[in-house]
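Novice: Once you've had a glance at the structure underneath, I'll fire off some questions.
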Amino acid sequence: MADSPADKLAKQNVSAPILGPGHDYASVTDKISSIVLTHRTPKWWMLGFAVSFALLMLLMFAVTYLFALGVGIWGIQIPVGWGFAIINFVWWIGIGHAGTLISAILLLLRQQWRTSINRFAEAMTLFAVACAGVFPLIHMGRPWLAYWMFPYPDTMKMWPQFRSPLAWDVFAVSTYATVSLLFWFVGLLPDLATFRDRAKNRATKIIYGVLAMGWRGSAIHWQRHEMASLLLAGLATPLVLSVHTVVSFDFSFGIVPGWHSTIFPPYFVAGAIYAGFAMVLTLAIPLRKLFGLEDFITMRHLNNMGKVMLAAGLIVGYGYVMEAFMGYYSGNQFERYMTLNRMFGPYGAIYWCLIVCNIITPQFLWFRKVRASVGSLFAIAMVVNVGMWLERFVIVVTSLHRDFLPSSWGMYYPTRWDWATYIGTIGLFLTLFFLFIRFLPLISIFEVRQLVAIEAEKKKAE
Amino acid sequence: MSEVIRQQLKLERLPLRLVLIGGALLVVCIVAGFSDSGDFFRSYLVAFLFWIGITLGCLAILMIQHLTGGQWALVIRRILEAGSRTLPLMAVAALPLLAGMKTLYEWSRPGQTDPVILAKRIYLNAGFFTGRMIFYFACWFLLAHLLNKWSRAEDDGNASLAKHMEGMSGGGLVLYALTVTFASVDWVMSIEPRWYSSIYGLLFAVGQVLGAFALAVTVLIWLSDREPLSEVVKPSHFQDLGSFLLTFVMLWAYLEFSQFLITWGGNLSEEIPWYIRRMKGAWGGVGLLLVVLNFVLPFFLLLMRDIKRRARSLVVVAVMLLVMRLVDMYWMVLPAFGGGNVHLTWTNVALPFGMGGIWLAYFMWQLQRLPILPVNDLRLEGGAEHVVEHG
């Protein structure tokens, strides 16, 4: 069978290398470090940063108003006491997972294609965790007492309830944030030293020099660096599973129909990876275009990420099927009502939107042509970002708003402050990300250089 | 070189002996079954679930390896294919379940009054149960047939078929996950028709893959000193296979623990009896045995590189895991039929082994029909020559 020209092109793209041709050590370092050190700040950066910063100010404003007046400014009520705050918390923390997966699990699996996307994916993890962390704190009503969540010897004899998954969450998320930060910083060290050595003025030299912590690139430095990276990857690997598993326990430990379901742990983890890869694609596609990084983030990367997204999306779809089927199969009237109410109740439209976004749309990723098209990948990733947010909305709200007693049913409507806080955290995320791409190497220089060496060896062998 | 690679396996009289032993055990069990049909069908269900699990697990790993590739896959591919070709045998073996439906499944008996069971009538009834069983086997037949057909054609030199197999495996895995899930609900979960758990199908599928991996590793190690496998199989293959075993051991434990913790945390009257029955008396001990021998011990053993690389130690872990799959089936099925104490009858033990004799003989017969290595797979060429040149 003869391939059409478009097919041929798609095939070439898909079997594209993980590094563009003609690169040597110097060109890699030049290309990536010039983004930070020699280029003038691009106009689109100024514009993007200004918009993001404005949104961050919106967050500041919303949170200040919240602290002054209390959580009554939000739409939460009885019976829906967990509204946007928890939806956004789960959404953000899920997004972070792809970074950890790429940097830790793919490192242990010796997948070389991770090399040029791991740095900014890890940064994405950190910033997403920061956004996620905001929500439980401000949801507390008295956030200045947040330290009560930690077990410490005090005169009040206050002690967290260790049988509650909410207490486990504190440890799971704070461990995750710590390990992710360490992993990211350790990975940055050699590149920070490169920046220190290449910096033109004294202030820049000092700042990067301090951050590089005396890295000289001696053999022993490299050996210890390698060891530390592997150990941190080993530590981070279980965290990919554990954080979202504990988040899923927040729901499934409750006996509310629609929350108490044994499939939740693997289904939440798959959802996190799904959302995370969608966000990595959302960031990677504009970045490679704007900075001209097509040689480093190649079609091979985009294609692979599309495949991972499809696989994770199918597991999520399996979760939906199981929830719906077990709703029926339980033979329990509350479970059955919850399932029907989710699909055809007052929030039914949101449920079907989520099915279209999360289940139907990604099916296009089965086609090689779709995975070879940057535009359609970006569009699908955006749809999945929305879909995963809707999924958390459906889980949180539809399960709470009608439980066992019809007399205590109610509706949940988010207020403008809910929206302002949510959009504000997007501002926080983007502000941090814009600063990151301006001041730090967004692709790991030393790891891409290793890739150059590997490619050269391969050529020699041929 | 290629002459050696093309060799087929010769097992002489071993399959015949297995058939005789297995057949004899089965006949004795059937005769005994006339006096206690309940005991017979319970044992039969355990045996069937264990062996269909191995068969389907082989099919699933086959599809995983077509999708992901890798050297580890080539050395066990023919073993997996032979395992998946035992499906006709297992389809015949499924028929007695239909005969024993009323003995095994409370919901299939007439005169139900329990509202929970009545509420599930549309799904749990004899006609639909049988129809679904036919559908599951039809799906599995289709997958196994195509993968085997293409793999054989590839031996004759049609290298483009690798793409076909890869293309079908993605959709095939989706089909596998769904059919195994519903089959596990039908065949096992519905023994206790008031209980439900949405993770159960996934847990079951992972158990099948784990069992099939353990069997494939055992068979590979058993055959690894014969030509042509002795030319190709290296410690690095064992290490990769050991790592896969470890992955599935962890995945199984993760899913099993999730189900347990959520059920324990909820403590609901429709869910918790399932665990109470399985933790009371001696069954609690069996559960603990599963935790230790299907997770804790293999986890630490498989972390160690030396154990994975040495065939003699890896085979011990694999056989242990295989035995634990059977123990898991006992633990899932038998406590449902009342009694906190383990009344392990000799039929309970003899029947899985009897069926196993027949299954293994059929499997070995299938294994001898094709070269033990997929000779024309592109990845093997480089791999095998590499071994011979530098090995």
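By convention in this document, the chains of the structure tokens carry letters A, B, ... by their order, each chain's residues are numbered from 1, and ligands are numbered from 1 in the order they are shown.
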Near chain B, which residues of chain A fall within 10 Å when you count only C-alpha atoms, and what do they look like as JSON, numbers by chain?
Specialist: {"A": [163, 164, 165, 241, 242, 245, 248, 249, 251, 252, 253, 254, 255, 256, 260, 261, 262, 263, 264, 265, 266, 267, 311, 314, 315, 318, 319, 321, 322, 323, 324, 325, 326, 327, 328, 329, 330, 331, 332, 333, 366]}
Novice: Would you kindly return, as JSON, numbers by chain, each protein, DNA or RNA residue with an atom no farther than 9 Å from any atom of Ile395 in chain A, considering only C-alpha atoms and excluding same-chain residues fewer than 6 positions away?
Specialist: {"A": [87, 251, 258, 259, 342]}
Novice: Just checking: using only C-alpha atoms, which residue out of A:Ile76, A:Ile18, A:Met124, A:Ala62 ends up closest to Phe429 in chain A?
Specialist: A:Met124
Novice: For Val90 in chain A, find every residue with an atom within 10 Å (counting only C-alpha atoms), except residues of its own chain fewer than 3 positions away, and show them as a list in words.
Specialist: Phe84, Ala85, Ile86, Ile87, Ile93, Gly94, Ile95, Val129, Ala132, Gly133, Phe135, His244, Val247, Ser248, Phe268, Ala272, Met388, Trp389, Arg392 and Phe393 of chain A
Novice: Write out as a VMD selection string the set of residues from range 91-323 of chain B that DSSP, computed on the backbone, places in helix (DSSP H, G or I).
Specialist: chain B and resid 91 to 99 101 to 104 106 to 108 115 to 119 126 to 155 161 to 187 189 to 191 200 to 223 229 to 232 235 to 266 272 to 279 281 to 303 305 to 309 311 to 323
